[in-house]
Structures are given as C-alpha cells and as structure tokens.
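The structure file query_30.pdb is reproduced below (PDB, C-alpha atoms).
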```pdb
ATOM      1  CA  ALA F 121       0.000   0.000   0.000
ATOM      2  CA  TYR F 122       2.758   2.458   0.915
ATOM      3  CA  GLU F 123       4.645   1.605  -2.287
ATOM      4  CA  LYS F 124       1.555   2.615  -4.277
ATOM      5  CA  ILE F 125       1.131   5.848  -2.303
ATOM      6  CA  LEU F 126       4.796   6.737  -2.848
ATOM      7  CA  GLU F 127       4.525   6.012  -6.567
ATOM      8  CA  LEU F 128       1.751   8.596  -6.771
ATOM      9  CA  ASP F 129       3.248  10.976  -4.223
ATOM     10  CA  PRO F 130       7.006  10.402  -3.727
ATOM     11  CA  ASP F 131       7.215  13.344  -1.319
ATOM     12  CA  ASN F 132       4.658  11.936   1.116
ATOM     13  CA  MET F 133       6.769  11.949   4.296
ATOM     14  CA  LYS F 134       4.142  10.215   6.424
ATOM     15  CA  ALA F 135       4.139   7.307   3.976
ATOM     16  CA  TRP F 136       7.948   7.118   4.031
ATOM     17  CA  HIS F 137       7.879   7.055   7.856
ATOM     18  CA  GLU F 138       5.232   4.331   7.981
ATOM     19  CA  LYS F 139       7.126   2.347   5.358
ATOM     20  CA  GLY F 140      10.289   2.576   7.471
ATOM     21  CA  PHE F 141       8.405   1.378  10.540
ATOM     22  CA  ILE F 142       7.061  -1.662   8.659
ATOM     23  CA  LEU F 143      10.508  -2.482   7.239
ATOM     24  CA  VAL F 144      11.993  -2.430  10.760
ATOM     25  CA  ASN F 145       9.381  -4.958  11.896
ATOM     26  CA  LEU F 146      10.238  -7.120   8.883
ATOM     27  CA  GLY F 147      13.928  -6.994   9.820
ATOM     28  CA  ARG F 148      14.864  -5.170   6.607
ATOM     29  CA  LEU F 149      16.977  -2.617   8.429
ATOM     30  CA  GLU F 150      19.011  -1.183   5.556
ATOM     31  CA  GLU F 151      15.825  -0.403   3.621
ATOM     32  CA  ALA F 152      14.228   1.040   6.774
ATOM     33  CA  LEU F 153      17.273   3.250   7.207
ATOM     34  CA  GLU F 154      16.803   4.616   3.676
ATOM     35  CA  ALA F 155      13.155   5.396   4.404
ATOM     36  CA  TYR F 156      13.940   7.234   7.655
ATOM     37  CA  SER F 157      16.774   9.141   5.987
ATOM     38  CA  ARG F 158      14.345  10.269   3.276
ATOM     39  CA  VAL F 159      12.007  11.726   5.911
ATOM     40  CA  LEU F 160      14.864  13.414   7.758
ATOM     41  CA  GLU F 161      15.930  15.188   4.569
ATOM     42  CA  SER F 162      12.759  17.273   4.849
ATOM     43  CA  ASP F 163      12.642  17.348   8.667
ATOM     44  CA  PRO F 164      16.271  17.168   9.903
ATOM     45  CA  ASP F 165      15.496  18.232  13.475
ATOM     46  CA  ASN F 166      12.811  15.620  14.165
ATOM     47  CA  ILE F 167      13.940  14.233  17.536
ATOM     48  CA  LYS F 168      11.687  11.161  17.389
ATOM     49  CA  LEU F 169      12.907  10.181  13.928
ATOM     50  CA  LEU F 170      16.546  10.754  14.820
ATOM     51  CA  SER F 171      16.112   8.505  17.870
ATOM     52  CA  GLU F 172      14.494   5.796  15.755
ATOM     53  CA  LYS F 173      17.278   6.058  13.178
ATOM     54  CA  ALA F 174      19.885   5.700  15.968
ATOM     55  CA  VAL F 175      18.241   2.437  17.089
ATOM     56  CA  ILE F 176      18.479   1.027  13.557
ATOM     57  CA  LEU F 177      22.108   2.124  13.188
ATOM     58  CA  LYS F 178      22.939   0.453  16.511
ATOM     59  CA  GLU F 179      21.476  -2.818  15.250
ATOM     60  CA  LEU F 180      23.586  -2.475  12.110
ATOM     61  CA  ARG F 181      26.704  -1.773  14.261
ATOM     62  CA  LYS F 182      27.291   1.583  12.559
ATOM     63  CA  ASP F 183      28.638   3.039  15.794
ATOM     64  CA  SER F 184      30.249   6.209  14.442
ATOM     65  CA  GLU F 185      26.957   7.210  12.795
ATOM     66  CA  VAL F 186      25.036   6.498  16.012
ATOM     67  CA  LEU F 187      27.491   8.720  17.867
ATOM     68  CA  LYS F 188      26.829  11.597  15.474
ATOM     69  CA  ILE F 189      23.095  11.316  16.101
ATOM     70  CA  TYR F 190      23.601  11.193  19.878
ATOM     71  CA  ASP F 191      25.628  14.412  19.658
ATOM     72  CA  ARG F 192      22.883  16.066  17.628
ATOM     73  CA  LEU F 193      20.218  14.944  20.089
ATOM     74  CA  LEU F 194      22.270  16.167  23.044
ATOM     75  CA  GLN F 195      22.464  19.622  21.477
ATOM     76  CA  SER F 196      18.671  19.743  21.788
ATOM     77  CA  GLU F 197      18.511  17.914  25.142
ATOM     78  CA  PRO F 198      21.774  18.614  27.000
ATOM     79  CA  ASP F 199      20.372  17.300  30.310
ATOM     80  CA  ASN F 200      19.100  13.973  28.931
ATOM     81  CA  ILE F 201      20.627  11.515  31.425
ATOM     82  CA  LYS F 202      19.606   8.396  29.489
ATOM     83  CA  LEU F 203      21.171   9.727  26.299
ATOM     84  CA  TRP F 204      24.458  10.633  28.013
ATOM     85  CA  PHE F 205      24.578   7.143  29.505
ATOM     86  CA  GLU F 206      23.848   5.501  26.142
ATOM     87  CA  LYS F 207      26.603   7.612  24.610
ATOM     88  CA  GLY F 208      28.979   6.386  27.319
ATOM     89  CA  LEU F 209      28.088   2.750  26.653
ATOM     90  CA  LEU F 210      28.642   3.218  22.926
ATOM     91  CA  LEU F 211      32.016   4.885  23.462
ATOM     92  CA  SER F 212      33.040   2.071  25.824
ATOM     93  CA  ASP F 213      32.118  -0.488  23.154
ATOM     94  CA  MET F 214      34.228   1.498  20.670
ATOM     95  CA  GLY F 215      37.213   1.330  23.038
ATOM     96  CA  LYS F 216      37.154   5.088  23.667
ATOM     97  CA  ASP F 217      37.362   4.913  27.450
ATOM     98  CA  ALA F 218      38.453   8.522  27.998
ATOM     99  CA  ASP F 219      35.450   9.847  26.066
ATOM    100  CA  ALA F 220      33.174   7.295  27.736
ATOM    101  CA  LEU F 221      34.403   8.449  31.144
ATOM    102  CA  ALA F 222      33.507  12.042  30.249
ATOM    103  CA  ALA F 223      29.978  10.902  29.316
ATOM    104  CA  TYR F 224      29.538   8.978  32.580
ATOM    105  CA  GLU F 225      30.802  11.992  34.525
ATOM    106  CA  LYS F 226      28.182  14.103  32.748
ATOM    107  CA  VAL F 227      25.528  11.611  33.931
ATOM    108  CA  LEU F 228      26.833  11.812  37.498
ATOM    109  CA  GLY F 229      26.848  15.598  37.336
ATOM    110  CA  LEU F 230      23.112  15.440  36.601
ATOM    111  CA  ASP F 231      22.375  12.443  38.855
ATOM    112  CA  PRO F 232      25.134  11.709  41.431
ATOM    113  CA  ASP F 233      23.461   8.459  42.536
ATOM    114  CA  ASN F 234      23.111   6.918  39.072
ATOM    115  CA  ALA F 235      24.180   3.325  39.728
ATOM    116  CA  GLY F 236      24.849   2.533  36.075
ATOM    117  CA  ALA F 237      27.229   5.454  35.601
ATOM    118  CA  LEU F 238      28.918   4.786  38.971
ATOM    119  CA  ALA F 239      29.566   1.179  37.924
ATOM    120  CA  ARG F 240      30.930   2.106  34.495
ATOM    121  CA  LYS F 241      33.114   4.922  35.813
ATOM    122  CA  GLY F 242      34.366   2.645  38.605
ATOM    123  CA  LEU F 243      35.471   0.054  36.059
ATOM    124  CA  ILE F 244      37.296   2.587  33.873
ATOM    125  CA  ILE F 245      39.244   4.175  36.723
ATOM    126  CA  GLY F 246      40.023   0.712  38.072
ATOM    127  CA  ILE F 247      41.592  -0.248  34.752
ATOM    128  CA  ARG F 248      43.765   2.821  35.265
ATOM    129  CA  ARG F 249      44.936   1.211  38.537
ATOM    130  CA  GLN F 250      43.129   3.718  40.750
ATOM    131  CA  TYR F 251      42.068   0.782  42.883
ATOM    132  CA  ALA F 252      40.793   2.490  46.060
ATOM    133  CA  GLN F 253      38.649   4.995  44.153
ATOM    134  CA  SER F 254      37.398   2.265  41.844
ATOM    135  CA  PHE F 255      36.234  -0.057  44.631
ATOM    136  CA  ALA F 256      34.609   2.850  46.488
ATOM    137  CA  MET F 257      32.650   3.808  43.382
ATOM    138  CA  LEU F 258      31.614   0.215  42.607
ATOM    139  CA  ASP F 259      30.493  -0.287  46.210
ATOM    140  CA  LYS F 260      28.447   2.914  46.000
ATOM    141  CA  ALA F 261      26.811   1.636  42.803
ATOM    142  CA  LEU F 262      25.830  -1.579  44.593
ATOM    143  CA  GLU F 263      24.570   0.384  47.583
ATOM    144  CA  LYS F 264      22.281   2.349  45.261
ATOM    145  CA  ASP F 265      21.260  -0.719  43.254
ATOM    146  CA  PRO F 266      22.164  -4.136  44.743
ATOM    147  CA  SER F 267      20.916  -5.861  41.577
ATOM    148  CA  ASN F 268      23.411  -4.037  39.335
ATOM    149  CA  TRP F 269      25.408  -6.983  38.009
ATOM    150  CA  ASN F 270      27.640  -4.652  35.990
ATOM    151  CA  ALA F 271      28.966  -3.199  39.258
ATOM    152  CA  MET F 272      29.665  -6.703  40.540
ATOM    153  CA  TYR F 273      31.344  -7.574  37.232
ATOM    154  CA  GLY F 274      33.455  -4.427  37.650
ATOM    155  CA  LYS F 275      34.567  -5.540  41.122
ATOM    156  CA  GLY F 276      35.553  -8.923  39.725
ATOM    157  CA  ALA F 277      37.467  -7.400  36.833
ATOM    158  CA  ILE F 278      39.367  -4.948  39.052
ATOM    159  CA  TRP F 279      40.208  -7.569  41.707
ATOM    160  CA  LYS F 280      41.498  -9.757  38.860
ATOM    161  CA  LEU F 281      43.652  -6.901  37.562
ATOM    162  CA  LYS F 282      44.999  -6.202  41.046
ATOM    163  CA  ALA F 283      45.742  -9.905  41.523
ATOM    164  CA  THR F 284      47.719  -9.940  38.267
ATOM    165  CA  ASP F 285      49.738  -6.937  39.448
ATOM    166  CA  LEU F 286      50.433  -8.574  42.830
ATOM    167  CA  ALA F 287      51.499 -11.825  41.165
ATOM    168  CA  ALA F 288      53.913  -9.871  38.932
ATOM    169  CA  LEU F 289      55.467  -8.465  42.130
ATOM    170  CA  ASP F 290      55.862 -12.052  43.432
ATOM    171  CA  ARG F 291      53.349 -11.375  46.206
ATOM    172  CA  ARG F 292      51.681 -14.733  45.701
ATOM    173  CA  TYR F 293      49.727 -14.811  48.992
ATOM    174  CA  ASP F 294      48.174 -11.374  48.365
ATOM    175  CA  ALA F 295      47.521 -12.302  44.742
ATOM    176  CA  VAL F 296      45.598 -15.430  45.775
ATOM    177  CA  LYS F 297      43.454 -13.369  48.160
ATOM    178  CA  ALA F 298      42.720 -10.904  45.359
ATOM    179  CA  TYR F 299      41.798 -13.748  42.977
ATOM    180  CA  ASP F 300      39.469 -15.150  45.663
ATOM    181  CA  ASN F 301      37.783 -11.744  45.905
ATOM    182  CA  ALA F 302      37.432 -11.671  42.115
ATOM    183  CA  LEU F 303      35.892 -15.140  42.132
ATOM    184  CA  ARG F 304      33.326 -14.141  44.763
ATOM    185  CA  ALA F 305      32.420 -11.048  42.749
ATOM    186  CA  PHE F 306      31.951 -12.996  39.514
ATOM    187  CA  ASP F 307      29.888 -15.628  41.341
ATOM    188  CA  LYS F 308      27.561 -12.897  42.637
ATOM    189  CA  ALA F 309      27.337 -11.372  39.152
ATOM    190  CA  ILE F 310      26.445 -14.813  37.761
ATOM    191  CA  GLU F 311      23.700 -15.186  40.381
ATOM    192  CA  GLN F 312      22.138 -12.021  38.989
ATOM    193  CA  ASN F 313      22.839 -12.774  35.315
ATOM    194  CA  PRO F 314      23.325 -16.539  34.924
ATOM    195  CA  ASN F 315      23.019 -16.583  31.129
ATOM    196  CA  ASN F 316      25.928 -14.238  30.446
ATOM    197  CA  SER F 317      28.686 -16.085  28.588
ATOM    198  CA  LYS F 318      31.301 -13.448  29.408
ATOM    199  CA  LEU F 319      30.777 -13.824  33.169
ATOM    200  CA  TRP F 320      31.291 -17.598  33.018
ATOM    201  CA  HIS F 321      34.409 -17.063  30.926
ATOM    202  CA  GLU F 322      35.775 -14.609  33.499
ATOM    203  CA  LYS F 323      35.040 -17.086  36.286
ATOM    204  CA  GLY F 324      36.924 -19.751  34.338
ATOM    205  CA  ASN F 325      39.973 -17.514  34.032
ATOM    206  CA  ILE F 326      40.028 -16.871  37.785
ATOM    207  CA  LEU F 327      39.790 -20.608  38.502
ATOM    208  CA  LYS F 328      42.600 -21.155  36.002
ATOM    209  CA  ALA F 329      44.767 -18.588  37.819
ATOM    210  CA  LEU F 330      44.051 -20.409  41.096
ATOM    211  CA  ASP F 331      45.217 -23.706  39.542
ATOM    212  CA  ARG F 332      41.707 -25.179  39.736
ATOM    213  CA  GLY F 333      41.815 -26.514  36.201
ATOM    214  CA  ASN F 334      38.860 -28.926  36.202
ATOM    215  CA  GLU F 335      36.573 -26.294  37.674
ATOM    216  CA  ALA F 336      37.856 -23.795  35.115
ATOM    217  CA  ILE F 337      36.937 -26.163  32.278
ATOM    218  CA  ARG F 338      33.398 -26.508  33.627
ATOM    219  CA  ALA F 339      33.077 -22.707  33.678
ATOM    220  CA  PHE F 340      34.429 -22.440  30.113
ATOM    221  CA  ASP F 341      31.995 -25.156  29.014
ATOM    222  CA  LYS F 342      29.103 -23.148  30.452
ATOM    223  CA  SER F 343      30.380 -20.023  28.674
ATOM    224  CA  ILE F 344      30.528 -21.942  25.383
ATOM    225  CA  GLU F 345      27.071 -23.452  25.949
ATOM    226  CA  LEU F 346      25.664 -19.931  26.284
ATOM    227  CA  ASP F 347      27.666 -18.574  23.324
ATOM    228  CA  PRO F 348      29.151 -21.260  21.055
ATOM    229  CA  ARG F 349      31.006 -18.555  19.096
ATOM    230  CA  ASN F 350      32.917 -17.265  22.132
ATOM    231  CA  THR F 351      36.460 -17.720  20.803
ATOM    232  CA  ASN F 352      38.027 -16.543  24.077
ATOM    233  CA  ALA F 353      36.307 -19.314  26.018
ATOM    234  CA  TRP F 354      37.321 -21.949  23.433
ATOM    235  CA  TYR F 355      40.923 -20.712  23.484
ATOM    236  CA  ASP F 356      41.248 -20.579  27.268
ATOM    237  CA  LYS F 357      39.642 -24.005  27.596
ATOM    238  CA  GLY F 358      42.291 -25.299  25.185
ATOM    239  CA  ILE F 359      45.055 -23.741  27.316
ATOM    240  CA  VAL F 360      43.792 -25.466  30.474
ATOM    241  CA  LEU F 361      43.310 -28.806  28.711
ATOM    242  CA  LYS F 362      46.878 -28.578  27.399
ATOM    243  CA  GLU F 363      48.154 -27.865  30.927
ATOM    244  CA  LEU F 364      46.211 -30.894  32.199
ATOM    245  CA  GLY F 365      47.819 -33.085  29.542
ATOM    246  CA  THR F 366      44.687 -33.775  27.482
ATOM    247  CA  GLU F 367      46.233 -32.670  24.217
ATOM    248  CA  THR F 368      43.673 -34.239  21.867
ATOM    249  CA  GLU F 369      40.847 -32.234  23.426
ATOM    250  CA  ALA F 370      43.053 -29.129  23.529
ATOM    251  CA  THR F 371      43.716 -29.531  19.798
ATOM    252  CA  ARG F 372      39.987 -29.621  19.107
ATOM    253  CA  CYS F 373      39.533 -26.380  21.059
ATOM    254  CA  PHE F 374      42.251 -24.539  19.139
ATOM    255  CA  GLU F 375      40.867 -25.874  15.842
ATOM    256  CA  LYS F 376      37.439 -24.543  16.834
ATOM    257  CA  VAL F 377      38.953 -21.121  17.551
ATOM    258  CA  LEU F 378      40.468 -21.035  14.060
ATOM    259  CA  GLU F 379      37.199 -22.195  12.521
ATOM    260  CA  LEU F 380      35.473 -19.217  14.162
ATOM    261  CA  ASP F 381      38.360 -16.787  13.642
ATOM    262  CA  PRO F 382      40.976 -17.830  11.047
ATOM    263  CA  THR F 383      43.122 -14.791  12.000
ATOM    264  CA  HIS F 384      43.612 -15.979  15.613
ATOM    265  CA  THR F 385      47.439 -16.260  15.608
ATOM    266  CA  LEU F 386      47.714 -17.461  19.226
ATOM    267  CA  ALA F 387      45.511 -20.486  18.539
ATOM    268  CA  ARG F 388      47.528 -21.274  15.403
ATOM    269  CA  HIS F 389      50.740 -21.050  17.433
ATOM    270  CA  LYS F 390      49.362 -23.385  20.129
ATOM    271  CA  LEU F 391      48.354 -25.936  17.493
ATOM    272  CA  LYS F 392      51.903 -26.004  16.152
ATOM    273  CA  GLN F 393      53.171 -26.771  19.658
ATOM    274  CA  LEU F 394      50.901 -29.819  20.039
TER     275      LEU F 394
END
```
Mind turning the file's structure into structure tokens?
Amino acid sequence: AYEKILELDPDNMKAWHEKGFILVNLGRLEEALEAYSRVLESDPDNIKLLSEKAVILKELRKDSEVLKIYDRLLQSEPDNIKLWFEKGLLLSDMGKDADALAAYEKVLGLDPDNAGALARKGLIIGIRRQYAQSFAMLDKALEKDPSNWNAMYGKGAIWKLKATDLAALDRRYDAVKAYDNALRAFDKAIEQNPNNSKLWHEKGNILKALDRGNEAIRAFDKSIELDPRNTNAWYDKGIVLKELGTETEATRCFEKVLELDPTHTLARHKLKQL
C-alpha cells in the first residue's frame, strides 16, 4: 500500500515514515534506514525520527553514525541523562574509554546516585589502577542498586587486575586473596545474570589462575554453551586442557577457535606446539 502511495506521491513523508516502521518490523533494516533518511531530509530536526534512526544504526553496528546522532540529540537535550549514559556505553564499546568516562561523569553531574554510571566509571578508573577509588565507586553503585550486576562484574574485573599486578610483584599470597575476591564477585554477578557467557568465561579464568583446572573447564563449558562462538572461552579451555595433559581435546579447542576466527594467531601457534 505504501509503495503505491509513494509512486503517486514520492514526497509523502508520512508514507515514508510508515514504510520505514514496517521495514523495521520485517527486519529489513538497511531499507528502513533509507526510508527514515528520506524523511529526515525534509525534517532534519525531528527528535523522534533521529532517535528511531539511531536504534536502527545500533542494530547495524554503525557506531560512528550512532554517535553523530547522539551528539545532535544532546544539542537539543543537553540534560538527557539516558542519552548521556547511552553515549557512554557506545564509546566504551568502541574502546574510547576517555570519552566514555567524560559521558559517565556528565551523567553523574546530573544524577550523582546513578548506579549505572557509577559502575561504568568505577570500572574505567580501576583499569587505570586507581584501585581504592574504583572499589569505592563500585560499592556505591551496589549500595544504590544491589541488583546491578555490571557493578559486581566491575569488582571482579578490578580484583582480577589487582591480583595480576600482585602476582607480577611475586606477592603470591596477596595475589591469591585478590583472585578469591574476584571469584566471589563474579559468582555474585552470575547469580544475577546466569546466562551471560562473558561472566562464566571470566570465572573460568580466575579458577585457572588459582590452579583449579577442572573447575575452570566446567566454567568455560558453560560459557561456550551460552555462546558457542565465544572464541576466548574456546581458546582458554584449550590452554587449560593442554596444561592438564589432554592434548587431543586441547587440539579440538584450538581448531574450533580457528574455525570461528581464522586470524587468531595465538591459537595457530598453540596448534603447532601440540
């Protein structure tokens, strides 16, 4: 019906918008994007349409274009907390932690108790080895929202990082305590989000660091069950199996990594060693 209307009236913006909406529901995102872009040519400041276009671009993983729309929207709504937070998440996914941190700080300037922004900022500053400030911020996030599994994930990730630093200084006893803290944090995060492949993979790596190889393999298996394309879990499972002397199974893991990602040089190197 909309095709017929647009044949007769190609400048009918309502028809283009409705067509875009239908195409989104049909999963034809590239075509939907064209329809929304056509409408925005005549109405470039339409906040609702820009927001809808950003959602489509996110699905298509066109992150730099999403970022441009967020910046345009924030010019109109500079105090939009949700939008600043979404911008922070996008920048984090793009590996732009400094810019992401600025976005989370903007959120906290508008809402100092925002648990999501506290958790994300806590993780970033923890990666910078500002351990005391990081843990304080992550604890505050959990105080504001005990169900925030991202804050618990952050605690696990930062305890793991601290443990690695302590181990490098040959402070094995302190490193083990830090790994134990990381394990408890990841276990709590898994309680809240049991179907997250990444959390199970992180748990497996902690168990591996604690020389609990069989338990690590079970965690990696759960990670792979939840996401069979998780190359990190396949690779780390192969490492543990190799350490345990089960080289045939380790070989299968490294072969699976290369099947999923033929450019994975570490897996190729491990195969040559077997």
(message) For a quick check of understanding, using only C-alpha atoms, which of F:Ala155, F:Leu177, F:Ile278, F:Ile344 has the smallest distance to Ile142 of chain F?
(response) F:Ala155
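Of the listed residues (F:Ile167, F:Ile326, F:Ile359, F:Asn200), F:Ile359 comes nearest to Arg372 of chain F; the distances count all atoms listed in the file.
For the set F:Leu230, F:Thr368, F:Asp183, F:His321, the residue with the smallest atom-to-atom gap to Leu346 of chain F is F:His321, counting all atoms listed in the file.
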(request) Could you check how far atom CA of Leu262 of chain F sits from atom CA of Leu319 of chain F, in Å to one decimal? (result) 17.5 Å
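The two atoms in question, atom CA of Gly274 of chain F and atom CA of Phe306 of chain F, are spaced 8.9 Å apart.
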(message) Residues near Tyr156 of chain F, anyone? I mean within 10 Å using only C-alpha atoms, not counting same-chain ones fewer than 6 positions away, as an MDAnalysis selection string.
(response) chainID F and resid 133 136:141 169:170 172:173 176
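Across the model, the gap from atom CA of Lys134 of chain F to atom CA of Asp163 of chain F is 11.3 Å.
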Extract segment 304-365 of chain F from the preceding block and save C-alpha atoms as an mmCIF file, in the first residue's frame.
```
data_model
loop_
_atom_site.group_PDB
_atom_site.id
_atom_site.type_symbol
_atom_site.label_atom_id
_atom_site.label_comp_id
_atom_site.auth_asym_id
_atom_site.auth_seq_id
_atom_site.Cartn_x
_atom_site.Cartn_y
_atom_site.Cartn_z
ATOM 1 C CA ARG F 304 33.326 -14.141 44.763
ATOM 2 C CA ALA F 305 32.420 -11.048 42.749
ATOM 3 C CA PHE F 306 31.951 -12.996 39.514
ATOM 4 C CA ASP F 307 29.888 -15.628 41.341
ATOM 5 C CA LYS F 308 27.561 -12.897 42.637
ATOM 6 C CA ALA F 309 27.337 -11.372 39.152
ATOM 7 C CA ILE F 310 26.445 -14.813 37.761
ATOM 8 C CA GLU F 311 23.700 -15.186 40.381
ATOM 9 C CA GLN F 312 22.138 -12.021 38.989
ATOM 10 C CA ASN F 313 22.839 -12.774 35.315
ATOM 11 C CA PRO F 314 23.325 -16.539 34.924
ATOM 12 C CA ASN F 315 23.019 -16.583 31.129
ATOM 13 C CA ASN F 316 25.928 -14.238 30.446
ATOM 14 C CA SER F 317 28.686 -16.085 28.588
ATOM 15 C CA LYS F 318 31.301 -13.448 29.408
ATOM 16 C CA LEU F 319 30.777 -13.824 33.169
ATOM 17 C CA TRP F 320 31.291 -17.598 33.018
ATOM 18 C CA HIS F 321 34.409 -17.063 30.926
ATOM 19 C CA GLU F 322 35.775 -14.609 33.499
ATOM 20 C CA LYS F 323 35.040 -17.086 36.286
ATOM 21 C CA GLY F 324 36.924 -19.751 34.338
ATOM 22 C CA ASN F 325 39.973 -17.514 34.032
ATOM 23 C CA ILE F 326 40.028 -16.871 37.785
ATOM 24 C CA LEU F 327 39.790 -20.608 38.502
ATOM 25 C CA LYS F 328 42.600 -21.155 36.002
ATOM 26 C CA ALA F 329 44.767 -18.588 37.819
ATOM 27 C CA LEU F 330 44.051 -20.409 41.096
ATOM 28 C CA ASP F 331 45.217 -23.706 39.542
ATOM 29 C CA ARG F 332 41.707 -25.179 39.736
ATOM 30 C CA GLY F 333 41.815 -26.514 36.201
ATOM 31 C CA ASN F 334 38.860 -28.926 36.202
ATOM 32 C CA GLU F 335 36.573 -26.294 37.674
ATOM 33 C CA ALA F 336 37.856 -23.795 35.115
ATOM 34 C CA ILE F 337 36.937 -26.163 32.278
ATOM 35 C CA ARG F 338 33.398 -26.508 33.627
ATOM 36 C CA ALA F 339 33.077 -22.707 33.678
ATOM 37 C CA PHE F 340 34.429 -22.440 30.113
ATOM 38 C CA ASP F 341 31.995 -25.156 29.014
ATOM 39 C CA LYS F 342 29.103 -23.148 30.452
ATOM 40 C CA SER F 343 30.380 -20.023 28.674
ATOM 41 C CA ILE F 344 30.528 -21.942 25.383
ATOM 42 C CA GLU F 345 27.071 -23.452 25.949
ATOM 43 C CA LEU F 346 25.664 -19.931 26.284
ATOM 44 C CA ASP F 347 27.666 -18.574 23.324
ATOM 45 C CA PRO F 348 29.151 -21.260 21.055
ATOM 46 C CA ARG F 349 31.006 -18.555 19.096
ATOM 47 C CA ASN F 350 32.917 -17.265 22.132
ATOM 48 C CA THR F 351 36.460 -17.720 20.803
ATOM 49 C CA ASN F 352 38.027 -16.543 24.077
ATOM 50 C CA ALA F 353 36.307 -19.314 26.018
ATOM 51 C CA TRP F 354 37.321 -21.949 23.433
ATOM 52 C CA TYR F 355 40.923 -20.712 23.484
ATOM 53 C CA ASP F 356 41.248 -20.579 27.268
ATOM 54 C CA LYS F 357 39.642 -24.005 27.596
ATOM 55 C CA GLY F 358 42.291 -25.299 25.185
ATOM 56 C CA ILE F 359 45.055 -23.741 27.316
ATOM 57 C CA VAL F 360 43.792 -25.466 30.474
ATOM 58 C CA LEU F 361 43.310 -28.806 28.711
ATOM 59 C CA LYS F 362 46.878 -28.578 27.399
ATOM 60 C CA GLU F 363 48.154 -27.865 30.927
ATOM 61 C CA LEU F 364 46.211 -30.894 32.199
ATOM 62 C CA GLY F 365 47.819 -33.085 29.542
#
```
